[in-house]
Every structure is written in C-alpha cells, then in structure tokens.
Amino acid sequence: YITKESKQAFHYLLSLLKKLQTNNKIKILVVDDSGSARAYVRGLLLRHNFDVLLANSGKSALNVLKNNPDIKLIITDKEMPNMNGIELCNEIRATHTKDDVSIIGISANSSQSLTAKFIKNGANDFLQKPFCLEEFYCRVIQNIEYIQSIDTIRKQANTDYLTDLANRRYYFNSAQPIMDSLDTSTVAMMDIDDFKSINDNYGHDAGDIVLKTISSLIKLHFEPKYLAARLGGEEFSIYFHDLELEKAVNMLENFRQELEKTKINVGSELISCTVSIGVCQDKKDKLDSLLILADQKLYSAKETGKNKVVF
Ligand code: GH3
Ligand code: MG
Ligand code: MG
Ligand code: MG
Ligand code: MG
C-alpha cells in the first residue's frame, strides 16, 4: 500500500538520515522490558546505521546513560515493572536537560493523557504503538537534529571563531568552578609582542595567520590537559588546575622557545614572532583577580624587553 508520495517522502527521510550520519555514529538507547519490542526498534535503527544500546529496565537505562554520556536519544517504553517510562524520564531529567539528550516515549496504551504525561515529565516526544515507520523515522530524526543544533550552537558560543581555541566565556565558565574547588591555582597571561607591527608590515590577513599558528601551538603544548583560551585580540590565557608554579613556568618557557624558532608562512614570506608571558600561583577566589596578578607579571615582561616568561 506504499503510494508514490510516501515513497518520495521516504526518500527525503533517507537523505536526512544520511546527512545525520556523516560524522560518528549517533548513539540511541532503547529501553523496553520486552525483548521482542527492543529487538524490533533496534532493527529499525540499525538499518540506518545508528549505534544502538539496549536496556531492559529503567534502572539499567540509567546505568547505560551514566556510562555513555554521548547518547543523543532515548526511546523508552511506558509499561515496565519497578520503574515505568514516565518515572524514567523524571530520573533522567534530574541529571540531563532536554538539550543534552532527547527522550521519545512509546506506548500501546491509547489513553489520551499519556502524551501529556510523558512530556510533562521530561520527554521531548511520544509515539503511539503500533506506529508507521515513516512517523518513527521522522520523530527520531527530528529529535536528533534538535540535539545536534544545540550542540552546534553551544560549541559556537564557547569557541573563538578565528583560532578555534576556547573563548573568554567558556574559559571563565569552566575555570571558575575548578578554581572554587582548589586551594591555589596557577594561571598564565600571554600577549603577542609587537603584533601591531605584523599587521602594519604584512597586512591584517598575515596577522590572522599568526594568531592561528600561535593558537595551534598553544593547543599542542597545553591541551587537552590544561584549559587554554583566546581572551580577545592577541591575548591568551592558560589555566593550570593542578600544576605548581615552577612546572607551569617550565611548560610556558618551552612553548616560548619553540614559538621563537617557528617560521610562520604568511603568504608573502616567512616571519617569526614572539610572546610575553606572565604567570602566577595564588589563593585568590576569583579568576578575575588571579588574572590581574598574571597581567602585572605580563606587564613587567613587556617592560623588561618582551619575549620572556615572568613569574
Ligand atoms: P605589545 O608588544 O606591547 O603587546 O605591542 P602590540 O603591538 O602587540 O600591542 P597593541 O595592543 O598595540 O596591538 C595589538 C594589535 O592587535 C592591535 C589590533 O589591531 C590587533 N588585533 C587584535 N585582534 C586582531 C585580529 O583578530 N586579527 C588581527 N590581524 N589583528 C588583531
Ligand atoms: Mg513494557
Ligand atoms: Mg594586547
Ligand atoms: Mg601585544
Ligand atoms: Mg599592548
């Protein structure tokens, strides 16, 4: 009974599914106390190359989710012993927002209030059994696309567009809570030396290439262990959550020396550039206050000849 229209619609869905699957496999968790129901939904999802995880109870679902924080979608049955699908939604929402993971409730129960109950308890969507395949895939795609859009927006909100380093917002939001849990923290402020003259002599595009090159080198030297960010312009900061001052200074000194030796191809020629770095370790409560101290060290690095680490 497949009509031409539904065939076309299905092709459209398939193209959307392909688009979703271009990167890594997307993880979907299927929760149902019935083995045959789990196997059926799993089969539908495997056809389109999703990475399917299974759970036969709410409790087991919470465990699987804990061990797989990258699950994007949970499809859960309503009627299950011990913890039903709606209670499961509630439990999941205690730790995961709708922006972290989508939930679709499924039930054969045709009670009109069930959809509302699911959604009120944190589900994003609902499917009535028996469902038609087209609707099933539509809802799966829509809910994954939602999560992926949020992921993209979140990444963009936290990343510096030019250099792909963390931006100031992400830096403060992530470093401050770590700082709150520690007695002392070590932080570095870094500023490119005579950057204005690079722009003036070789052009703004060359300046951008220098910013990107330095940022790649920063990533190489300090990430993922430590948190590095472009705070703005030609200023960077690195937060060392668990490093004594001397060790941080050593790492920064290695970085400074390697940058000094690096020839940067700005199109017209190879140029080199240097940075000045101020670093300090202190008991401050606020990252702001610690950065001011590091900035004072940076200032004295600039005042005493640049291209050095001052602590
Ligand atoms: P100092 O050694 O004292 O730090 O001197 P400086 O020239 O590096 O410092 P100054 O603050 O005078 O100049 C910083 C320059 O950085 C000015 C600004 O135009 C440039 N700049 C800021 N953001 C960008 C950017 O995204 N791209 C480029 N190409 N230049 C930028
Ligand atoms: Mg059931
Ligand atoms: Mg500056
Ligand atoms: Mg500068
Ligand atoms: Mg300056």
# chains A, B, ... in the order shown; residues from 1 in each chain; ligands from 1
$ residues_near_ligand --ligand "ligand 1" --cutoff "12 Å" --atoms "only C-alpha atoms and all ligand atoms" --output "NGL selection string"
:A and (160-163 or 189-212 or 215 or 230-236 or 266 or 273-277 or 295 or 298-308)
$ write_last_selection --atoms "C-alpha atoms" --output "compact mmCIF listing (two decimals), in the first residue's frame"
# COMPACT_ATOMS: atom_id res chain seq x y z
CA ASP A 160 36.73 31.60 19.22
CA TYR A 161 35.89 31.60 15.52
CA LEU A 162 39.31 32.61 14.18
CA THR A 163 41.54 30.35 16.25
CA MET A 189 48.53 35.54 30.59
CA MET A 190 50.17 35.69 27.18
CA ASP A 191 50.35 38.57 24.72
CA ILE A 192 51.95 38.64 21.28
CA ASP A 193 54.91 41.00 21.05
CA ASP A 194 54.67 43.93 18.62
CA PHE A 195 51.69 42.38 16.94
CA LYS A 196 50.56 45.72 15.61
CA SER A 197 53.71 45.94 13.51
CA ILE A 198 52.98 42.49 12.00
CA ASN A 199 49.60 43.83 10.88
CA ASP A 200 51.19 47.04 9.66
CA ASN A 201 54.02 45.36 7.75
CA TYR A 202 52.32 42.28 6.30
CA GLY A 203 48.62 43.04 6.45
CA HIS A 204 45.72 42.01 8.64
CA ASP A 205 45.41 38.60 6.95
CA ALA A 206 49.01 37.84 7.85
CA GLY A 207 48.17 38.88 11.43
CA ASP A 208 45.30 36.38 11.40
CA ILE A 209 47.62 33.62 10.19
CA VAL A 210 49.98 34.41 13.06
CA LEU A 211 47.08 34.24 15.55
CA LYS A 212 46.04 30.85 14.15
CA SER A 215 46.83 29.07 18.76
CA ARG A 230 41.88 33.42 23.43
CA LEU A 231 40.62 36.12 25.76
CA GLY A 232 40.48 38.67 22.95
CA GLY A 233 42.68 40.36 20.34
CA GLU A 234 46.20 38.91 20.65
CA GLU A 235 45.81 37.87 24.28
CA PHE A 236 45.67 34.31 25.53
CA VAL A 266 52.16 34.45 5.87
CA CYS A 273 57.10 36.28 16.20
CA THR A 274 57.36 36.10 19.96
CA VAL A 275 55.15 36.34 23.02
CA SER A 276 55.49 37.71 26.52
CA ILE A 277 54.02 35.69 29.36
CA ASP A 295 48.69 40.53 33.92
CA LEU A 298 52.99 40.15 31.85
CA TYR A 299 53.37 43.91 32.05
CA SER A 300 56.79 43.58 33.64
CA ALA A 301 57.78 41.08 30.89
CA LYS A 302 56.85 43.74 28.33
CA GLU A 303 58.67 46.47 30.26
CA THR A 304 61.89 44.47 30.53
CA GLY A 305 62.35 43.56 26.88
CA LYS A 306 59.47 41.19 25.87
CA ASN A 307 59.85 37.57 24.62
CA LYS A 308 60.11 36.16 28.15
$ residues_around --residues "Phe126 of chain A" --least-positions-apart "6" --cutoff "12 Å" --atoms "only C-alpha atoms" --output "ChimeraX atom specification"
/A:74-78,85-86,89,102-110,112-120,135-136,138-140,143
$ select_by_dssp --residues "segment 56-124 of chain A" --states "alpha helix (DSSP H)" --output "PyMOL selection string"
chain A and resi 58-67+85-95+113-120
$ select_by_dssp --residues "segment 30-244 of chain A" --states "strand (DSSP E)" --output "JSON, numbers by chain"
{"A": [30, 31, 51, 52, 53, 54, 55, 71, 72, 73, 74, 75, 76, 77, 102, 103, 104, 105, 106, 107, 125, 126, 127, 128, 185, 186, 187, 188, 189, 190, 191, 192, 227, 228, 229, 230, 231, 232, 235, 236, 237, 238, 239, 240]}
$ closest_residue --among "A:Ser149, A:Lys72, A:Val279, A:Asp32" --to "Asp51 of chain A" --atoms "only C-alpha atoms"
A:Lys72
$ closest_atom_pairs --of "segment 234-310 of chain A" --to "segment 180-186 of chain A" --cutoff "10 Å" --atoms "only C-alpha atoms" --output "tab-separated table"
residue	atom	partner	partner_atom	distance
A:Ile238	CA	A:Thr186	CA	8.6
A:Tyr239	CA	A:Thr186	CA	6.3
A:Phe240	CA	A:Thr186	CA	5.2
A:His241	CA	A:Ser185	CA	5.8
A:Asp242	CA	A:Ser185	CA	7.2
A:Leu243	CA	A:Thr186	CA	6.7
A:Glu244	CA	A:Thr186	CA	6.9
A:Leu245	CA	A:Thr186	CA	6.3
A:Glu246	CA	A:Thr186	CA	9.9
A:Lys247	CA	A:Thr186	CA	10.0
A:Ala248	CA	A:Thr186	CA	7.5
A:Val249	CA	A:Thr186	CA	9.7
A:Val279	CA	A:Thr186	CA	7.2
A:Cys280	CA	A:Thr186	CA	5.6
A:Gln281	CA	A:Thr186	CA	4.2
A:Asp282	CA	A:Thr184	CA	5.3
A:Lys283	CA	A:Thr184	CA	4.5
A:Lys284	CA	A:Thr184	CA	7.2
A:Asp285	CA	A:Asp180	CA	6.7
A:Lys286	CA	A:Asp180	CA	8.1
A:Leu287	CA	A:Ser185	CA	9.0
A:Leu290	CA	A:Thr186	CA	8.4
A:Leu291	CA	A:Thr186	CA	9.6
A:Ala294	CA	A:Thr186	CA	9.1
$ closest_residue --among "A:Phe311, A:Ser216, A:Ser237, A:Lys59" --to "ligand 3" --atoms "only C-alpha atoms and all ligand atoms"
A:Ser237
$ atom_distance --atom1 "atom CA of Tyr137 of chain A" --atom2 "atom CA of Asn82 of chain A"
29.1 Å
$ atom_distance --atom1 "atom CA of Asn173 of chain A" --atom2 "atom CA of Asn158 of chain A"
9.5 Å
$ residues_around --residues "Pro69 of chain A" --least-positions-apart "5" --cutoff "12 Å" --atoms "only C-alpha atoms" --output "list in words"
Ile26, Lys27, Ile28, Leu29, Ala61, Leu62, Asn63, Val64, Ile74, Ile92, Thr95, His96, Asp100 and Val101 of chain A
$ write_last_selection --atoms "C-alpha atoms" --output "PDB file, in the first residue's frame"
ATOM      1  CA  ILE A  26      24.885   8.526  16.721  1.00  0.00           C
ATOM      2  CA  LYS A  27      24.100   6.653  19.934  1.00  0.00           C
ATOM      3  CA  ILE A  28      20.489   5.788  20.692  1.00  0.00           C
ATOM      4  CA  LEU A  29      19.338   3.923  23.808  1.00  0.00           C
ATOM      5  CA  ALA A  61      18.814   2.515  31.340  1.00  0.00           C
ATOM      6  CA  LEU A  62      20.161   4.980  33.916  1.00  0.00           C
ATOM      7  CA  ASN A  63      23.315   2.880  34.183  1.00  0.00           C
ATOM      8  CA  VAL A  64      23.845   2.732  30.437  1.00  0.00           C
ATOM      9  CA  ILE A  74      16.482   7.570  24.430  1.00  0.00           C
ATOM     10  CA  ILE A  92      16.911  11.245  33.547  1.00  0.00           C
ATOM     11  CA  THR A  95      20.774  14.955  35.614  1.00  0.00           C
ATOM     12  CA  HIS A  96      20.293  15.595  31.872  1.00  0.00           C
ATOM     13  CA  ASP A 100      21.660  17.108  26.429  1.00  0.00           C
ATOM     14  CA  VAL A 101      19.584  14.116  25.467  1.00  0.00           C
TER      15      VAL A 101
END
$ atom_distance --atom1 "atom CA of Asp33 of chain A" --atom2 "atom CA of Asp99 of chain A"
26.3 Å
$ residues_around --residues "segment 269-272 of chain A" --least-positions-apart "5" --cutoff "8 Å" --atoms "only C-alpha atoms" --output "list in words"
Leu259, Glu260, Lys261, Thr262, Lys263 and Ile264 of chain A
